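Visitor: First the structure, then my questions, so here it is.
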Amino acid sequence: MTHEPQSTTDSAYVNSTEMQRKLYKRSLLIVVLSQIFGGAGLAAGVTVGALLAQDMLGSESYAGVPTALLTLGSAMASLLVGRLSQRHGRRLGLAGGFIVGGFGAIGVIAAAQVNSVALLFVSLLVYGAGTAANLQARYAGTDLAAPNERAKAISIAMVSTTFGAVAGPNTVEVTGRFATAIGLPALAGPFLLAATAFILAGLVLLIFLRPDPLLVARELARKTVQHSPAAGNKETRLNDNRGLVVGAAVMILTQIVMVAIMTMTPVHMKHHGHSLGDVGLVIGIHIGAMFLPSLITGVLVDKIGRNAMSIASGAILLLAGIVAAVAPPDSMLVLIVALALLGLGWNIGLISGTAIIVDATDPTTRAKTQGTLDVLLALAGASGGALSGMVVSHSSYATLSLAGGGLALLLIPVVIWSRSKRM
């Protein structure tokens with residue numbers, strides 16, 4: 001079920017191209033602000049989640065479980081955020097996801113304090129809602145974007161995540177000392193930052209994302225269909241379905257590779273004598289590479305094309321896996337290079353895949369479809385995180401890295417299939 005614009009103000013935007021452009025720019029600004037906070041919240045689980053679980057469980061084999069749980073929670077939340085956005089707009093869907101994720105971070109802190117593994121696992125699932133909202137916010141900037149600027153809009157939303165996401169891992173020691181000072185375990189410190197950041201991100205969207213860009217875009221689509229009935233014919237829908245398959249495949253493959261290698265890097269480093277500060281630096285640079293190149297990536301995806309950039313993503317992820325596999329365990333520099341390449345490959349794949357999906361979705365069903373596809377994305381991350389610890393435990397970090405790089409090569413036949421179908 002869809003809804004009409006919620007006020008005469010929304011209708012005014014529908015009837016004015018100039019007002020639509022102003023709303024597009026304003027919506028991007030609000031998304032940017034929320035993503036700065038959201039990025040800081042996202043970084044906590046990535047940086048110390050595996051280490052916290054390892055301390056509480058006493059086994060490396062389950063170190064990938066926190067990433068699996070928060071991505072599984074993200075999967076469930078993606079569906080709910082998508083459905084809520086479909087019914088009521090981006091504002092309520094995204095704000096709800098961030099605020100729920102903030103309460104999940106509070107639960108992780110409580111679990112660390114009372115040493116409850118059960119509470120930790122449940123809280124990580126809830127914390128995943130913030131991750132889902134952080135990821136789905138990239139769609140909010142595209143609702144009113146022109147087709148030739150959609151990738152750029154995605155990139156603007158993503159690059160703003162960089163500020164918080166890079167700062168977050170590099171505050172591990174500071175937040176750890178603060179946590180210790182108030183009687184909490186040091187590894188709970190980053191989750192104090194996450195709780196505050198996620199809740200602030202939600203409040204920014206809840207208060208300021210008005211009029212809702214998705215509701216305006218939906219009404220614009222209805223108006224277009226009324227004047228051009230051919231826009232909804234069977235051939236177009238088939239082309240859209242093909243685009244959804246390709247876009248989803250690109251995002252899922254890049255997500256599995258990135259999450260698997262990233263999850264076990266902190267554990268690998270800790271085993272070889274690196275400090276928590278070293279871990280924070282490597283992961284901070286990795287997360288920076290995930291988001292900071294976005295502005296350039298978005299322009300290239302719009303100019304060069306979605307398919308060409310998807311192939312580039314696979315090549316870079318393969319290189320990242322090889323570098324990580326051959327990196328001397330005591331070499332910070334080589335690990336930094338490997339994780340930076342890993343982040344860059346993910347960045348290109350996510351923006352390319354997202355642009356393909358936005359091209360393929362109709363505004364009247366867009367949020368629900370995007371939420372469903374992000375469920376698959378989160379489940380891919382969950383599987384990558386869960387399997388990564390088992391692979392390293394039974395083999396090695398090098399084996400995991402090479403396997404991940406090899407998996408990224410599947411992007412090439414996906415793109416070739418897409419081109420052959422069009423021909």
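Each chain in the structure tokens gets a letter, A, B, ..., in the order shown, and its residues are numbered from 1; ligands are numbered from 1 in order too.
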Please list as a PyMOL selection string every residue within 7 Å of Ser123 of chain A, counting only C-alpha atoms and excluding residues in the same chain fewer than 3 positions away.
Guide: chain A and resi 104-105+107-108+119-120+126-127
Visitor: Show me, as JSON, numbers by chain, the residues that have an atom within 7 Å of segment 65-71 of chain A when counting only C-alpha atoms, minus same-chain residues fewer than 4 positions from it.
Guide: {"A": [49, 50, 53, 75, 121, 124, 125, 127, 128, 263, 378, 379, 381, 382, 383, 385, 386]}
Visitor: Contacts of Phe198 of chain A at 10 Å or less, counting only C-alpha atoms, minus same-chain residues fewer than 5 places along, as a PyMOL selection string?
Guide: chain A and resi 34-42+95+97-105+127+129-131+133-134+193+203
Visitor: Could you give me, as a PyMOL selection string, each residue of segment 168-387 of chain A that DSSP assigns to alpha helix (DSSP H) when run on this structure's backbone?
Guide: chain A and resi 172-181+189-208+213-227+234-271+276-291+294-304+306-326+332-360+366-387
Visitor: Restricting the calculation to only C-alpha atoms, which member of A:Gly168, A:Gly89, A:Ser155, A:Trp417 is positioned closest to Thr196 of chain A?
Guide: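 Closest to Thr196 of chain A of all the choices is A:Gly168.
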Visitor: Using only C-alpha atoms, which of the listed residues (A:Pro185, A:Leu51, A:Gln136, A:Arg150) sits closest to Val114 of chain A?
Guide: A:Pro185
Visitor: May I have the residues within 6 Å of segment 18-33 of chain A as a list in words, using only C-alpha atoms and disregarding those fewer than 2 positions away in the same chain?
Guide: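 What passes the distance filter is Tyr13, Ser16, Gln35, Ile36, Gly141, Leu144, Ala157 and Ser160 of chain A.
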Visitor: Quick one: residues within 6 Å of segment 398-415 of chain A, only C-alpha atoms counted, chain neighbours fewer than 4 positions away excluded, as an mmCIF file with C-alpha atoms, in the first residue's frame?
Guide:
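Result file around_27.cif:
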data_model
loop_
_atom_site.group_PDB
_atom_site.id
_atom_site.type_symbol
_atom_site.label_atom_id
_atom_site.label_comp_id
_atom_site.auth_asym_id
_atom_site.auth_seq_id
_atom_site.Cartn_x
_atom_site.Cartn_y
_atom_site.Cartn_z
ATOM 1 C CA VAL A 257 34.643 -10.622 0.254
ATOM 2 C CA ILE A 261 38.671 -10.398 5.265
ATOM 3 C CA ASN A 307 29.299 -2.563 -15.771
ATOM 4 C CA ILE A 311 34.602 -5.316 -13.265
ATOM 5 C CA GLY A 314 36.383 -7.366 -8.835
ATOM 6 C CA LEU A 317 39.256 -6.991 -4.509
ATOM 7 C CA LEU A 318 41.370 -9.762 -6.030
ATOM 8 C CA GLY A 321 43.169 -10.569 -1.222
ATOM 9 C CA ILE A 322 46.576 -11.329 -2.696
ATOM 10 C CA ALA A 325 47.700 -13.133 1.957
#
Visitor: Which polymer residues have any atom within 9 Å of an atom of Thr162 of chain A, counting only C-alpha atoms, with same-chain residues fewer than 2 positions away left out, as a CSV table (one decimal) with all heavy atoms, in the first residue's frame?
Guide:
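The resulting file, result.csv, is reproduced below:
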chain,number,residue,atom,x,y,z
A,35,GLN,N,24.7,10.8,8.2
A,35,GLN,CA,25.7,9.8,7.9
A,35,GLN,C,27.0,10.0,8.7
A,35,GLN,O,27.7,9.1,8.9
A,35,GLN,CB,25.9,9.7,6.4
A,35,GLN,CG,24.7,9.1,5.6
A,35,GLN,CD,24.5,7.7,6.0
A,35,GLN,OE1,23.8,7.4,7.0
A,35,GLN,NE2,25.0,6.8,5.2
A,36,ILE,N,27.3,11.3,9.0
A,36,ILE,CA,28.5,11.6,9.8
A,36,ILE,C,28.4,10.9,11.1
A,36,ILE,O,29.3,10.2,11.6
A,36,ILE,CB,28.7,13.1,9.9
A,36,ILE,CG1,29.1,13.7,8.6
A,36,ILE,CG2,29.8,13.4,10.9
A,36,ILE,CD1,29.1,15.2,8.6
A,39,GLY,N,28.2,6.9,10.6
A,39,GLY,CA,29.5,6.3,10.4
A,39,GLY,C,30.2,6.0,11.7
A,39,GLY,O,30.9,5.0,11.8
A,40,ALA,N,30.1,6.9,12.6
A,40,ALA,CA,30.8,6.7,13.9
A,40,ALA,C,30.2,5.6,14.7
A,40,ALA,O,30.9,4.8,15.3
A,40,ALA,CB,30.7,8.0,14.8
A,158,MET,N,27.5,8.4,0.8
A,158,MET,CA,28.5,7.5,1.3
A,158,MET,C,29.7,8.2,1.8
A,158,MET,O,30.3,7.8,2.9
A,158,MET,CB,28.9,6.5,0.3
A,158,MET,CG,27.8,5.4,0.0
A,158,MET,SD,28.3,4.2,-1.2
A,158,MET,CE,29.7,3.5,-0.4
A,159,VAL,N,30.2,9.2,1.1
A,159,VAL,CA,31.4,9.9,1.5
A,159,VAL,C,31.3,10.6,2.8
A,159,VAL,O,32.2,10.7,3.6
A,159,VAL,CB,31.9,10.9,0.4
A,159,VAL,CG1,31.1,12.2,0.4
A,159,VAL,CG2,33.4,11.2,0.6
A,160,SER,N,30.1,11.0,3.1
A,160,SER,CA,29.8,11.7,4.4
A,160,SER,C,30.0,10.8,5.6
A,160,SER,O,30.3,11.2,6.7
A,160,SER,CB,28.5,12.4,4.4
A,160,SER,OG,27.4,11.4,4.2
A,164,GLY,N,32.8,10.2,10.3
A,164,GLY,CA,32.5,9.4,11.6
A,164,GLY,C,33.2,8.1,11.6
A,164,GLY,O,33.7,7.6,12.6
A,165,ALA,N,33.2,7.4,10.4
A,165,ALA,CA,33.6,6.0,10.3
A,165,ALA,C,35.2,5.9,10.5
A,165,ALA,O,35.7,5.0,11.1
A,165,ALA,CB,33.3,5.4,9.0
A,166,VAL,N,35.9,6.9,10.1
A,166,VAL,CA,37.3,6.9,10.2
A,166,VAL,C,37.7,7.4,11.7
A,166,VAL,O,38.6,6.8,12.3
A,166,VAL,CB,38.0,7.9,9.2
A,166,VAL,CG1,39.5,8.0,9.5
A,166,VAL,CG2,37.8,7.3,7.8
A,167,ALA,N,36.9,8.4,12.2
A,167,ALA,CA,37.2,8.8,13.5
A,167,ALA,C,36.9,7.8,14.6
A,167,ALA,O,37.6,7.6,15.5
A,167,ALA,CB,36.4,10.1,13.8
A,287,ILE,N,38.1,1.6,6.6
A,287,ILE,CA,36.8,2.2,6.5
A,287,ILE,C,36.8,3.6,5.7
A,287,ILE,O,35.9,3.9,4.9
A,287,ILE,CB,36.2,2.5,7.9
A,287,ILE,CG1,36.0,1.1,8.6
A,287,ILE,CG2,34.9,3.2,7.8
A,287,ILE,CD1,35.5,1.2,10.0
A,288,GLY,N,38.0,4.3,5.8
A,288,GLY,CA,38.1,5.5,5.0
A,288,GLY,C,38.1,5.2,3.5
A,288,GLY,O,37.5,5.9,2.7
A,289,ALA,N,38.8,4.1,3.2
A,289,ALA,CA,38.8,3.6,1.8
A,289,ALA,C,37.5,3.1,1.3
A,289,ALA,O,37.2,3.2,0.1
A,289,ALA,CB,39.9,2.6,1.6
A,290,MET,N,36.7,2.7,2.2
A,290,MET,CA,35.3,2.2,1.9
A,290,MET,C,34.4,3.4,1.5
A,290,MET,O,33.5,3.2,0.6
A,290,MET,CB,34.7,1.5,3.1
A,290,MET,CG,35.2,0.1,3.4
A,290,MET,SD,34.5,-0.6,4.9
A,290,MET,CE,32.8,-0.7,4.6
A,291,PHE,N,34.7,4.6,2.0
A,291,PHE,CA,33.8,5.7,1.8
A,291,PHE,C,34.4,6.9,1.2
A,291,PHE,O,33.7,7.6,0.4
A,291,PHE,CB,33.1,6.1,3.2
A,291,PHE,CG,32.3,5.0,3.8
A,291,PHE,CD1,32.7,4.2,4.8
A,291,PHE,CD2,31.0,4.7,3.3
A,291,PHE,CE1,32.0,3.2,5.4
A,291,PHE,CE2,30.2,3.7,3.8
A,291,PHE,CZ,30.7,2.9,4.9
A,292,LEU,N,35.6,7.2,1.5
A,292,LEU,CA,36.2,8.5,1.1
A,292,LEU,C,36.3,8.7,-0.4
A,292,LEU,O,36.1,9.7,-1.0
A,292,LEU,CB,37.6,8.7,1.7
A,292,LEU,CG,38.2,10.1,1.6
A,292,LEU,CD1,37.3,11.1,2.2
A,292,LEU,CD2,39.6,10.1,2.3
